[in-house]
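Chemist: If it helps, the file is called run28.pdb and holds PDB, C-alpha atoms:
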```
ATOM      1  CA  MET A   1     132.066  70.613  80.514  1.00  0.00           C
ATOM      2  CA  THR A   2     128.527  71.683  81.241  1.00  0.00           C
ATOM      3  CA  THR A   3     127.738  74.791  79.281  1.00  0.00           C
ATOM      4  CA  VAL A   4     124.768  76.906  78.362  1.00  0.00           C
ATOM      5  CA  ALA A   5     125.535  77.097  74.665  1.00  0.00           C
ATOM      6  CA  THR A   6     128.239  76.547  72.089  1.00  0.00           C
ATOM      7  CA  LEU A   7     128.676  79.877  70.334  1.00  0.00           C
ATOM      8  CA  ALA A   8     131.491  81.890  68.768  1.00  0.00           C
ATOM      9  CA  LEU A   9     131.811  84.510  71.496  1.00  0.00           C
ATOM     10  CA  THR A  10     134.071  87.542  70.973  1.00  0.00           C
ATOM     11  CA  GLY A  11     127.386  85.073  76.932  1.00  0.00           C
ATOM     12  CA  CYS A  12     119.154  96.098  80.125  1.00  0.00           C
ATOM     13  CA  GLY A  13     117.229  97.597  82.317  1.00  0.00           C
ATOM     14  CA  ASP A  14     114.187  95.847  83.713  1.00  0.00           C
ATOM     15  CA  GLY A  15     112.040  94.989  80.747  1.00  0.00           C
ATOM     16  CA  GLY A  16     114.443  96.792  78.393  1.00  0.00           C
ATOM     17  CA  THR A  17     117.346  96.019  76.138  1.00  0.00           C
ATOM     18  CA  THR A  18     120.043  98.439  77.273  1.00  0.00           C
ATOM     19  CA  PRO A  19     122.919  97.149  79.416  1.00  0.00           C
ATOM     20  CA  PRO A  20     122.759  97.702  83.171  1.00  0.00           C
ATOM     21  CA  GLY A  21     124.036 101.107  84.251  1.00  0.00           C
ATOM     22  CA  SER A  22     126.494 101.925  86.980  1.00  0.00           C
ATOM     23  CA  THR A  23     123.894 103.141  89.451  1.00  0.00           C
ATOM     24  CA  ALA A  24     124.007 102.275  93.139  1.00  0.00           C
ATOM     25  CA  ALA A  25     124.408  98.533  93.529  1.00  0.00           C
ATOM     26  CA  PRO A  26     124.716  96.042  96.394  1.00  0.00           C
ATOM     27  CA  ASP A  27     128.017  95.522  98.157  1.00  0.00           C
ATOM     28  CA  CYS A  28     129.727  92.151  98.021  1.00  0.00           C
ATOM     29  CA  GLU A  29     131.364  90.314 100.869  1.00  0.00           C
ATOM     30  CA  ASP A  30     134.326  88.025 100.303  1.00  0.00           C
ATOM     31  CA  PRO A  31     133.128  84.734  98.823  1.00  0.00           C
ATOM     32  CA  PRO A  32     133.548  81.541 100.848  1.00  0.00           C
ATOM     33  CA  ALA A  33     136.280  79.046 100.092  1.00  0.00           C
ATOM     34  CA  LEU A  34     135.465  76.061  97.916  1.00  0.00           C
ATOM     35  CA  ARG A  35     134.136  73.106  99.839  1.00  0.00           C
ATOM     36  CA  SER A  36     136.545  70.254 100.391  1.00  0.00           C
ATOM     37  CA  GLU A  37     133.801  67.692  99.757  1.00  0.00           C
ATOM     38  CA  VAL A  38     130.923  67.949  97.285  1.00  0.00           C
ATOM     39  CA  PRO A  39     127.774  65.804  97.655  1.00  0.00           C
ATOM     40  CA  THR A  40     127.140  63.281  94.918  1.00  0.00           C
ATOM     41  CA  TYR A  41     124.042  61.260  94.160  1.00  0.00           C
ATOM     42  CA  THR A  42     122.939  58.424  91.911  1.00  0.00           C
ATOM     43  CA  PRO A  43     120.307  58.307  89.173  1.00  0.00           C
ATOM     44  CA  GLN A  44     118.017  56.608  91.676  1.00  0.00           C
ATOM     45  CA  ASP A  45     118.156  59.723  93.892  1.00  0.00           C
ATOM     46  CA  LEU A  46     116.384  61.880  91.301  1.00  0.00           C
ATOM     47  CA  PRO A  47     112.934  62.454  92.808  1.00  0.00           C
ATOM     48  CA  ALA A  48     109.694  62.111  90.881  1.00  0.00           C
ATOM     49  CA  PRO A  49     108.457  65.198  89.005  1.00  0.00           C
ATOM     50  CA  HIS A  50     106.754  67.910  91.022  1.00  0.00           C
ATOM     51  CA  PRO A  51     102.941  67.631  90.961  1.00  0.00           C
ATOM     52  CA  GLY A  52     102.923  70.877  88.965  1.00  0.00           C
ATOM     53  CA  ASP A  53      99.830  72.367  90.560  1.00  0.00           C
ATOM     54  CA  ALA A  54      98.818  75.960  89.984  1.00  0.00           C
ATOM     55  CA  ALA A  55     100.805  77.207  92.969  1.00  0.00           C
ATOM     56  CA  ARG A  56     104.221  78.610  92.183  1.00  0.00           C
ATOM     57  CA  VAL A  57     107.256  77.621  94.218  1.00  0.00           C
ATOM     58  CA  SER A  58     109.629  80.323  95.376  1.00  0.00           C
ATOM     59  CA  ALA A  59     113.327  80.107  96.168  1.00  0.00           C
ATOM     60  CA  VAL A  60     115.617  82.587  97.879  1.00  0.00           C
ATOM     61  CA  VAL A  61     119.168  82.335  96.592  1.00  0.00           C
ATOM     62  CA  GLU A  62     121.488  83.965  99.120  1.00  0.00           C
ATOM     63  CA  THR A  63     124.804  85.141  97.662  1.00  0.00           C
ATOM     64  CA  ASN A  64     127.763  87.071  99.003  1.00  0.00           C
ATOM     65  CA  CYS A  65     126.481  90.044  96.954  1.00  0.00           C
ATOM     66  CA  GLY A  66     122.841  89.901  98.086  1.00  0.00           C
ATOM     67  CA  ASP A  67     119.718  87.800  97.699  1.00  0.00           C
ATOM     68  CA  LEU A  68     117.780  86.722  94.620  1.00  0.00           C
ATOM     69  CA  VAL A  69     114.154  85.630  94.734  1.00  0.00           C
ATOM     70  CA  VAL A  70     113.325  83.085  92.051  1.00  0.00           C
ATOM     71  CA  GLU A  71     109.821  81.978  91.099  1.00  0.00           C
ATOM     72  CA  LEU A  72     109.980  78.340  89.977  1.00  0.00           C
ATOM     73  CA  ASP A  73     107.446  77.172  87.398  1.00  0.00           C
ATOM     74  CA  ALA A  74     106.429  73.730  88.627  1.00  0.00           C
ATOM     75  CA  ALA A  75     103.580  73.425  86.136  1.00  0.00           C
ATOM     76  CA  ALA A  76     105.791  73.925  83.065  1.00  0.00           C
ATOM     77  CA  ALA A  77     108.949  72.244  84.336  1.00  0.00           C
ATOM     78  CA  PRO A  78     107.960  69.578  86.895  1.00  0.00           C
ATOM     79  CA  GLN A  79     111.112  67.453  86.672  1.00  0.00           C
ATOM     80  CA  THR A  80     113.430  70.463  86.646  1.00  0.00           C
ATOM     81  CA  VAL A  81     111.695  72.022  89.634  1.00  0.00           C
ATOM     82  CA  THR A  82     111.689  68.825  91.682  1.00  0.00           C
ATOM     83  CA  SER A  83     115.429  68.423  91.082  1.00  0.00           C
ATOM     84  CA  PHE A  84     115.972  72.073  92.034  1.00  0.00           C
ATOM     85  CA  LEU A  85     114.026  71.580  95.267  1.00  0.00           C
ATOM     86  CA  PHE A  86     115.899  68.368  96.062  1.00  0.00           C
ATOM     87  CA  LEU A  87     119.355  69.910  95.573  1.00  0.00           C
ATOM     88  CA  ALA A  88     118.389  73.022  97.525  1.00  0.00           C
ATOM     89  CA  GLY A  89     117.136  70.894 100.413  1.00  0.00           C
ATOM     90  CA  GLU A  90     120.351  68.873 100.359  1.00  0.00           C
ATOM     91  CA  GLY A  91     122.485  72.017 100.576  1.00  0.00           C
ATOM     92  CA  TYR A  92     124.150  71.001  97.308  1.00  0.00           C
ATOM     93  CA  TRP A  93     124.716  74.612  96.251  1.00  0.00           C
ATOM     94  CA  ASP A  94     125.921  75.926  99.613  1.00  0.00           C
ATOM     95  CA  ASP A  95     129.167  77.902  99.246  1.00  0.00           C
ATOM     96  CA  SER A  96     129.375  77.298  95.492  1.00  0.00           C
ATOM     97  CA  PRO A  97     130.817  79.905  93.095  1.00  0.00           C
ATOM     98  CA  CYS A  98     129.174  81.208  89.954  1.00  0.00           C
ATOM     99  CA  HIS A  99     131.970  80.217  87.614  1.00  0.00           C
ATOM    100  CA  ARG A 100     131.045  81.775  84.270  1.00  0.00           C
ATOM    101  CA  LEU A 101     129.888  85.140  82.933  1.00  0.00           C
ATOM    102  CA  THR A 102     129.228  85.878  79.268  1.00  0.00           C
ATOM    103  CA  THR A 103     128.900  89.449  77.999  1.00  0.00           C
ATOM    104  CA  SER A 104     128.691  89.157  74.209  1.00  0.00           C
ATOM    105  CA  GLY A 105     126.403  87.129  71.956  1.00  0.00           C
ATOM    106  CA  ILE A 106     124.670  85.598  74.952  1.00  0.00           C
ATOM    107  CA  TYR A 107     124.358  87.264  78.333  1.00  0.00           C
ATOM    108  CA  VAL A 108     124.320  84.840  81.256  1.00  0.00           C
ATOM    109  CA  LEU A 109     125.743  84.250  84.697  1.00  0.00           C
ATOM    110  CA  GLN A 110     126.259  80.513  85.171  1.00  0.00           C
ATOM    111  CA  CYS A 111     126.193  78.970  88.640  1.00  0.00           C
ATOM    112  CA  GLY A 112     125.414  75.699  90.391  1.00  0.00           C
ATOM    113  CA  ASP A 113     128.693  73.761  90.272  1.00  0.00           C
ATOM    114  CA  PRO A 114     130.100  73.299  93.794  1.00  0.00           C
ATOM    115  CA  THR A 115     133.482  72.337  92.316  1.00  0.00           C
ATOM    116  CA  GLY A 116     133.797  75.721  90.599  1.00  0.00           C
ATOM    117  CA  THR A 117     135.201  74.066  87.477  1.00  0.00           C
ATOM    118  CA  GLY A 118     132.144  74.061  85.228  1.00  0.00           C
ATOM    119  CA  ARG A 119     132.399  70.280  84.961  1.00  0.00           C
ATOM    120  CA  GLY A 120     130.615  69.244  88.144  1.00  0.00           C
ATOM    121  CA  ASN A 121     127.231  67.549  88.296  1.00  0.00           C
ATOM    122  CA  PRO A 122     125.145  65.958  91.036  1.00  0.00           C
ATOM    123  CA  GLY A 123     125.589  62.419  89.696  1.00  0.00           C
ATOM    124  CA  TYR A 124     122.291  62.193  87.850  1.00  0.00           C
ATOM    125  CA  GLY A 125     120.795  63.770  84.742  1.00  0.00           C
ATOM    126  CA  TYR A 126     117.381  64.287  83.180  1.00  0.00           C
ATOM    127  CA  GLY A 127     115.824  65.561  79.973  1.00  0.00           C
ATOM    128  CA  ILE A 128     114.819  68.930  78.577  1.00  0.00           C
ATOM    129  CA  GLU A 129     111.484  70.539  79.381  1.00  0.00           C
ATOM    130  CA  ASN A 130     109.996  74.029  79.043  1.00  0.00           C
ATOM    131  CA  ALA A 131     112.548  75.154  76.440  1.00  0.00           C
ATOM    132  CA  PRO A 132     111.287  77.967  74.166  1.00  0.00           C
ATOM    133  CA  ALA A 133     110.933  76.917  70.537  1.00  0.00           C
ATOM    134  CA  ASP A 134     112.172  80.310  69.333  1.00  0.00           C
ATOM    135  CA  GLY A 135     115.299  80.245  71.524  1.00  0.00           C
ATOM    136  CA  ALA A 136     114.312  83.490  73.268  1.00  0.00           C
ATOM    137  CA  TYR A 137     115.438  83.778  76.894  1.00  0.00           C
ATOM    138  CA  PRO A 138     114.345  87.122  78.387  1.00  0.00           C
ATOM    139  CA  ARG A 139     116.281  88.985  81.035  1.00  0.00           C
ATOM    140  CA  GLY A 140     115.702  87.406  84.447  1.00  0.00           C
ATOM    141  CA  THR A 141     115.175  83.885  83.072  1.00  0.00           C
ATOM    142  CA  VAL A 142     116.673  81.051  85.115  1.00  0.00           C
ATOM    143  CA  ALA A 143     117.429  77.983  82.992  1.00  0.00           C
ATOM    144  CA  MET A 144     119.458  74.806  83.245  1.00  0.00           C
ATOM    145  CA  ALA A 145     122.892  74.433  81.668  1.00  0.00           C
ATOM    146  CA  ARG A 146     123.830  71.138  80.059  1.00  0.00           C
ATOM    147  CA  THR A 147     126.266  69.434  77.715  1.00  0.00           C
ATOM    148  CA  GLN A 148     125.323  68.446  74.160  1.00  0.00           C
ATOM    149  CA  ASP A 149     123.541  65.462  75.687  1.00  0.00           C
ATOM    150  CA  PRO A 150     119.874  66.501  76.091  1.00  0.00           C
ATOM    151  CA  ASN A 151     119.623  64.266  79.180  1.00  0.00           C
ATOM    152  CA  SER A 152     122.494  65.981  81.016  1.00  0.00           C
ATOM    153  CA  ASN A 153     120.486  68.561  82.961  1.00  0.00           C
ATOM    154  CA  GLY A 154     121.605  68.381  86.571  1.00  0.00           C
ATOM    155  CA  GLY A 155     122.788  71.040  88.981  1.00  0.00           C
ATOM    156  CA  GLN A 156     124.189  73.869  86.875  1.00  0.00           C
ATOM    157  CA  PHE A 157     121.915  76.739  85.908  1.00  0.00           C
ATOM    158  CA  PHE A 158     122.244  80.190  84.419  1.00  0.00           C
ATOM    159  CA  ILE A 159     120.609  83.570  84.967  1.00  0.00           C
ATOM    160  CA  VAL A 160     120.045  85.742  81.889  1.00  0.00           C
ATOM    161  CA  HIS A 161     121.180  89.326  82.551  1.00  0.00           C
ATOM    162  CA  GLN A 162     120.182  90.675  79.123  1.00  0.00           C
ATOM    163  CA  ASP A 163     117.657  89.325  76.643  1.00  0.00           C
ATOM    164  CA  SER A 164     119.413  86.487  74.807  1.00  0.00           C
ATOM    165  CA  GLU A 165     118.746  84.114  71.945  1.00  0.00           C
ATOM    166  CA  LEU A 166     120.182  80.640  72.462  1.00  0.00           C
ATOM    167  CA  PRO A 167     120.499  77.763  69.992  1.00  0.00           C
ATOM    168  CA  THR A 168     117.478  75.511  69.659  1.00  0.00           C
ATOM    169  CA  GLU A 169     119.426  72.649  68.098  1.00  0.00           C
ATOM    170  CA  GLY A 170     119.394  69.671  70.407  1.00  0.00           C
ATOM    171  CA  GLY A 171     116.281  70.836  72.216  1.00  0.00           C
ATOM    172  CA  GLY A 172     117.247  74.116  73.862  1.00  0.00           C
ATOM    173  CA  TYR A 173     117.615  74.786  77.577  1.00  0.00           C
ATOM    174  CA  SER A 174     115.050  74.058  80.286  1.00  0.00           C
ATOM    175  CA  ILE A 175     113.585  77.158  81.901  1.00  0.00           C
ATOM    176  CA  VAL A 176     113.043  76.499  85.593  1.00  0.00           C
ATOM    177  CA  GLY A 177     111.779  79.952  86.537  1.00  0.00           C
ATOM    178  CA  ARG A 178     112.588  83.643  86.688  1.00  0.00           C
ATOM    179  CA  VAL A 179     114.158  86.144  89.058  1.00  0.00           C
ATOM    180  CA  THR A 180     111.457  88.359  90.568  1.00  0.00           C
ATOM    181  CA  GLU A 181     113.700  90.258  92.999  1.00  0.00           C
ATOM    182  CA  GLY A 182     117.435  90.864  93.150  1.00  0.00           C
ATOM    183  CA  MET A 183     118.430  91.416  89.526  1.00  0.00           C
ATOM    184  CA  ASP A 184     120.532  94.322  90.823  1.00  0.00           C
ATOM    185  CA  VAL A 185     122.852  91.653  92.254  1.00  0.00           C
ATOM    186  CA  VAL A 186     123.237  90.036  88.831  1.00  0.00           C
ATOM    187  CA  ASP A 187     123.684  93.460  87.223  1.00  0.00           C
ATOM    188  CA  LEU A 188     126.484  94.275  89.649  1.00  0.00           C
ATOM    189  CA  VAL A 189     128.382  91.138  88.665  1.00  0.00           C
ATOM    190  CA  ALA A 190     127.671  91.612  84.951  1.00  0.00           C
ATOM    191  CA  SER A 191     128.786  95.239  84.960  1.00  0.00           C
ATOM    192  CA  ALA A 192     132.219  94.208  86.276  1.00  0.00           C
ATOM    193  CA  GLY A 193     132.633  91.828  83.321  1.00  0.00           C
ATOM    194  CA  ALA A 194     134.658  88.660  83.123  1.00  0.00           C
ATOM    195  CA  GLN A 195     138.219  88.343  84.337  1.00  0.00           C
ATOM    196  CA  GLY A 196     140.798  89.943  82.063  1.00  0.00           C
ATOM    197  CA  GLY A 197     138.115  91.708  80.043  1.00  0.00           C
ATOM    198  CA  ALA A 198     137.123  88.473  78.318  1.00  0.00           C
ATOM    199  CA  ALA A 199     133.653  88.042  76.853  1.00  0.00           C
ATOM    200  CA  ASP A 200     133.320  84.603  78.451  1.00  0.00           C
ATOM    201  CA  GLY A 201     135.021  83.564  81.662  1.00  0.00           C
ATOM    202  CA  PRO A 202     134.979  83.702  85.456  1.00  0.00           C
ATOM    203  CA  PRO A 203     133.311  86.867  86.775  1.00  0.00           C
ATOM    204  CA  ALA A 204     135.727  89.658  87.699  1.00  0.00           C
ATOM    205  CA  GLN A 205     133.482  90.282  90.718  1.00  0.00           C
ATOM    206  CA  PRO A 206     133.442  86.922  92.518  1.00  0.00           C
ATOM    207  CA  VAL A 207     129.956  85.795  93.460  1.00  0.00           C
ATOM    208  CA  SER A 208     129.024  82.616  95.297  1.00  0.00           C
ATOM    209  CA  ILE A 209     125.781  81.023  96.360  1.00  0.00           C
ATOM    210  CA  LEU A 210     125.737  80.764 100.157  1.00  0.00           C
ATOM    211  CA  SER A 211     122.437  78.877 100.423  1.00  0.00           C
ATOM    212  CA  VAL A 212     119.137  78.249  98.627  1.00  0.00           C
ATOM    213  CA  ASP A 213     115.918  78.208 100.629  1.00  0.00           C
ATOM    214  CA  VAL A 214     112.653  77.075  99.030  1.00  0.00           C
ATOM    215  CA  GLY A 215     108.996  77.009  99.932  1.00  0.00           C
ATOM    216  CA  ASP A 216     105.515  76.927  98.396  1.00  0.00           C
ATOM    217  CA  ARG A 217     103.673  80.217  98.108  1.00  0.00           C
TER     218      ARG A 217
END
```
Write out the structure in this file as structure tokens.
Modeler:
Amino acid sequence: MTTVATLALTGCGDGGTTPPGSTAAPDCEDPPALRSEVPTYTPQDLPAPHPGDAARVSAVVETNCGDLVVELDAAAAPQTVTSFLFLAGEGYWDDSPCHRLTTSGIYVLQCGDPTGTGRGNPGYGYGIENAPADGAYPRGTVAMARTQDPNSNGGQFFIVHQDSELPTEGGGYSIVGRVTEGMDVVDLVASAGAQGGAADGPPAQPVSILSVDVGDR
């Protein structure tokens, strides 16, 4: 199972540390059904690292609850960004559910598995890059989920909805970028909690990625 961290779990306002409030939030449409077929690739399909020039790369993640704008850091995470761009261009994440929400200990919404099981991957993996040495992942961070294998980064990623500290053992988790617009969408999902009131589980408010569009700024 691809996961963001192995912790004993019992997962703020912009720039703050308090949990999101219940202020006006986006409305959600019904999520799409799971796809009957999921694309798979081979290790040879992993493209070469992004040139990593000074220009940032932006991505618009359309969900059934609204859009997120993500700024991808090609200079700090060239292999992670090039994989992100490849999968987005392939439509790998189209109609894929965000399958995991954590609300205690760590605070993340995990997405990127078209199977919805938390075990799916694109068929290739790559190593860790741009992982903070202190394990600090601020609110709005977008980072890659992986297994205990440091070379298992692939298609699953997580969005941090409150400042979190993640384990650094094994190398940490690759930061691919940050959400610059649309954290109200993530807050809406986080405020509803996980199903059954659990601290770690499928979101009670279903949210799915409909498409990911990318382009250089």
Chemist: Check what the PyMOL selection byres ((chain A and resi 134) around 12) selects in the file above and give those residues as an mmCIF file with C-alpha atoms, in the coordinates of the input.
Modeler:
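Output contents, as saved in selection-v2.cif:
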```
data_model
loop_
_atom_site.group_PDB
_atom_site.id
_atom_site.type_symbol
_atom_site.label_atom_id
_atom_site.label_comp_id
_atom_site.auth_asym_id
_atom_site.auth_seq_id
_atom_site.Cartn_x
_atom_site.Cartn_y
_atom_site.Cartn_z
ATOM 1 C CA ASN A 130 109.996 74.029 79.043
ATOM 2 C CA ALA A 131 112.548 75.154 76.440
ATOM 3 C CA PRO A 132 111.287 77.967 74.166
ATOM 4 C CA ALA A 133 110.933 76.917 70.537
ATOM 5 C CA GLY A 135 115.299 80.245 71.524
ATOM 6 C CA ALA A 136 114.312 83.490 73.268
ATOM 7 C CA TYR A 137 115.438 83.778 76.894
ATOM 8 C CA PRO A 138 114.345 87.122 78.387
ATOM 9 C CA SER A 164 119.413 86.487 74.807
ATOM 10 C CA GLU A 165 118.746 84.114 71.945
ATOM 11 C CA LEU A 166 120.182 80.640 72.462
ATOM 12 C CA PRO A 167 120.499 77.763 69.992
ATOM 13 C CA THR A 168 117.478 75.511 69.659
ATOM 14 C CA GLU A 169 119.426 72.649 68.098
ATOM 15 C CA GLY A 171 116.281 70.836 72.216
ATOM 16 C CA GLY A 172 117.247 74.116 73.862
ATOM 17 C CA TYR A 173 117.615 74.786 77.577
#
```
Chemist: Give one line per residue of region 20-86 of chain A that approaches region 104-128 of chain A to at most 9 Å, naming the two atoms of the closest pair and their distance in Å to one decimal, counting only C-alpha atoms; sort by chain then ascending residue number and deliver it as JSON lines.
Modeler:
```
{"residue": "A:Leu34", "atom": "CA", "partner": "A:Thr115", "partner_atom": "CA", "distance": 7.0}
{"residue": "A:Arg35", "atom": "CA", "partner": "A:Pro114", "partner_atom": "CA", "distance": 7.3}
{"residue": "A:Ser36", "atom": "CA", "partner": "A:Thr115", "partner_atom": "CA", "distance": 8.9}
{"residue": "A:Glu37", "atom": "CA", "partner": "A:Thr115", "partner_atom": "CA", "distance": 8.8}
{"residue": "A:Val38", "atom": "CA", "partner": "A:Pro114", "partner_atom": "CA", "distance": 6.4}
{"residue": "A:Pro39", "atom": "CA", "partner": "A:Pro122", "partner_atom": "CA", "distance": 7.1}
{"residue": "A:Thr40", "atom": "CA", "partner": "A:Pro122", "partner_atom": "CA", "distance": 5.1}
{"residue": "A:Tyr41", "atom": "CA", "partner": "A:Gly123", "partner_atom": "CA", "distance": 4.9}
{"residue": "A:Thr42", "atom": "CA", "partner": "A:Gly123", "partner_atom": "CA", "distance": 5.3}
{"residue": "A:Pro43", "atom": "CA", "partner": "A:Tyr124", "partner_atom": "CA", "distance": 4.6}
{"residue": "A:Gln44", "atom": "CA", "partner": "A:Tyr124", "partner_atom": "CA", "distance": 8.0}
{"residue": "A:Asp45", "atom": "CA", "partner": "A:Tyr124", "partner_atom": "CA", "distance": 7.7}
{"residue": "A:Leu46", "atom": "CA", "partner": "A:Tyr124", "partner_atom": "CA", "distance": 6.8}
{"residue": "A:Ala77", "atom": "CA", "partner": "A:Ile128", "partner_atom": "CA", "distance": 8.9}
{"residue": "A:Gln79", "atom": "CA", "partner": "A:Tyr126", "partner_atom": "CA", "distance": 7.8}
{"residue": "A:Thr80", "atom": "CA", "partner": "A:Tyr126", "partner_atom": "CA", "distance": 8.1}
```
Chemist: Take the PyMOL selection byres ((chain A and resi 49) around 7), apply it to the structure above, and return the hits as a PyMOL selection string.
Modeler: chain A and resi 47-48+50-51+78-79+82
Chemist: For the atom pair CA of Ile159 (chain A) and CA of Pro31 (chain A), what is the interatomic distance in Å to one decimal place?
Modeler: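 Result for CA of Ile159 (chain A) versus CA of Pro31 (chain A): 18.7 Å, one decimal.
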Chemist: Counting all atoms listed in the file, which residue out of A:Ser96, A:Ser58, A:Thr103, A:Thr63 sits closest to Asp200 (chain A)?
Modeler: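 Going through A:Ser96, A:Ser58, A:Thr103, A:Thr63 one by one, the smallest distance to Asp200 (chain A) is for A:Thr103.
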Chemist: Counting all atoms listed in the file, I want the residues whose atoms come within 8 Å of (119.3, 83.6, 96.5) in the file frame, returned as number ranges by chain.
Modeler: A: 59-63, 66-70, 209-213
Chemist: CA of Asp27 (chain A) and CA of Gly193 (chain A) are how many Å apart?
Modeler: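 Pair CA of Asp27 (chain A) / CA of Gly193 (chain A) returns 16.0 Å.
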Chemist: Counting only C-alpha atoms, what is within 9 Å of Ala190 (chain A), bar same-chain residues fewer than 2 positions away, as a ChimeraX atom specification?
Modeler: /A:20,101-103,107-109,161,185-188,192-194,203-205
Chemist: Put those residues in a file: C-alpha atoms, as a PDB file, keeping the file's coordinate frame.
Modeler:
```pdb
ATOM      1  CA  PRO A  20     122.759  97.702  83.171  1.00  0.00           C
ATOM      2  CA  LEU A 101     129.888  85.140  82.933  1.00  0.00           C
ATOM      3  CA  THR A 102     129.228  85.878  79.268  1.00  0.00           C
ATOM      4  CA  THR A 103     128.900  89.449  77.999  1.00  0.00           C
ATOM      5  CA  TYR A 107     124.358  87.264  78.333  1.00  0.00           C
ATOM      6  CA  VAL A 108     124.320  84.840  81.256  1.00  0.00           C
ATOM      7  CA  LEU A 109     125.743  84.250  84.697  1.00  0.00           C
ATOM      8  CA  HIS A 161     121.180  89.326  82.551  1.00  0.00           C
ATOM      9  CA  VAL A 185     122.852  91.653  92.254  1.00  0.00           C
ATOM     10  CA  VAL A 186     123.237  90.036  88.831  1.00  0.00           C
ATOM     11  CA  ASP A 187     123.684  93.460  87.223  1.00  0.00           C
ATOM     12  CA  LEU A 188     126.484  94.275  89.649  1.00  0.00           C
ATOM     13  CA  ALA A 192     132.219  94.208  86.276  1.00  0.00           C
ATOM     14  CA  GLY A 193     132.633  91.828  83.321  1.00  0.00           C
ATOM     15  CA  ALA A 194     134.658  88.660  83.123  1.00  0.00           C
ATOM     16  CA  PRO A 203     133.311  86.867  86.775  1.00  0.00           C
ATOM     17  CA  ALA A 204     135.727  89.658  87.699  1.00  0.00           C
ATOM     18  CA  GLN A 205     133.482  90.282  90.718  1.00  0.00           C
TER      19      GLN A 205
END
```
Chemist: From the list A:Arg178, A:Pro206, A:Ala145, A:Arg139, which residue is nearest Val160 (chain A) when using only C-alpha atoms?
Modeler: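 Smallest separation from Val160 (chain A) among the options: A:Arg139.
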Chemist: Between A:Gln162, A:Thr147, A:Gln156, A:Ser208, which residue has the minimum interatomic distance to Ser191 (chain A), considering all atoms listed in the file?
Modeler: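 Of the candidates, the smallest distance to Ser191 (chain A) is held by A:Gln162.
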Chemist: Any idea what the distance is between CA of Phe157 (chain A) and CA of Val81 (chain A)?
Modeler: 11.9 Å
Chemist: Extending 8 Å beyond the listed atoms of region 196-212 of chain A on each side, what axis-aligned box results? I want centre and edge lengths in Å to one decimal, as lines of an AutoDock Vina configuration file.
Modeler:
```
center_x = 130.0
center_y = 85.0
center_z = 88.6
size_x = 37.7
size_y = 29.5
size_z = 39.6
```
Chemist: Between A:Ala76, A:Val176, A:Ala198, A:Ala33, which residue has the minimum interatomic distance to Gly154 (chain A), considering all atoms listed in the file?
Modeler: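 Smallest distance to Gly154 (chain A) is found for A:Val176.
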Chemist: From the list A:Gly140, A:Pro32, A:Gly196, A:Pro202, which residue is nearest Asp184 (chain A) when using only C-alpha atoms?
Modeler: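 Once distances to Asp184 (chain A) are computed over only C-alpha atoms, the minimum belongs to A:Gly140.
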Chemist: Name the closest residue to Cys98 (chain A) among the candidates A:Val189, A:Ser83, A:Val57, A:Cys28; distances are taken between atoms, counting all atoms listed in the file.
Modeler: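 Closest residue, counting all atoms listed in the file: A:Val189.
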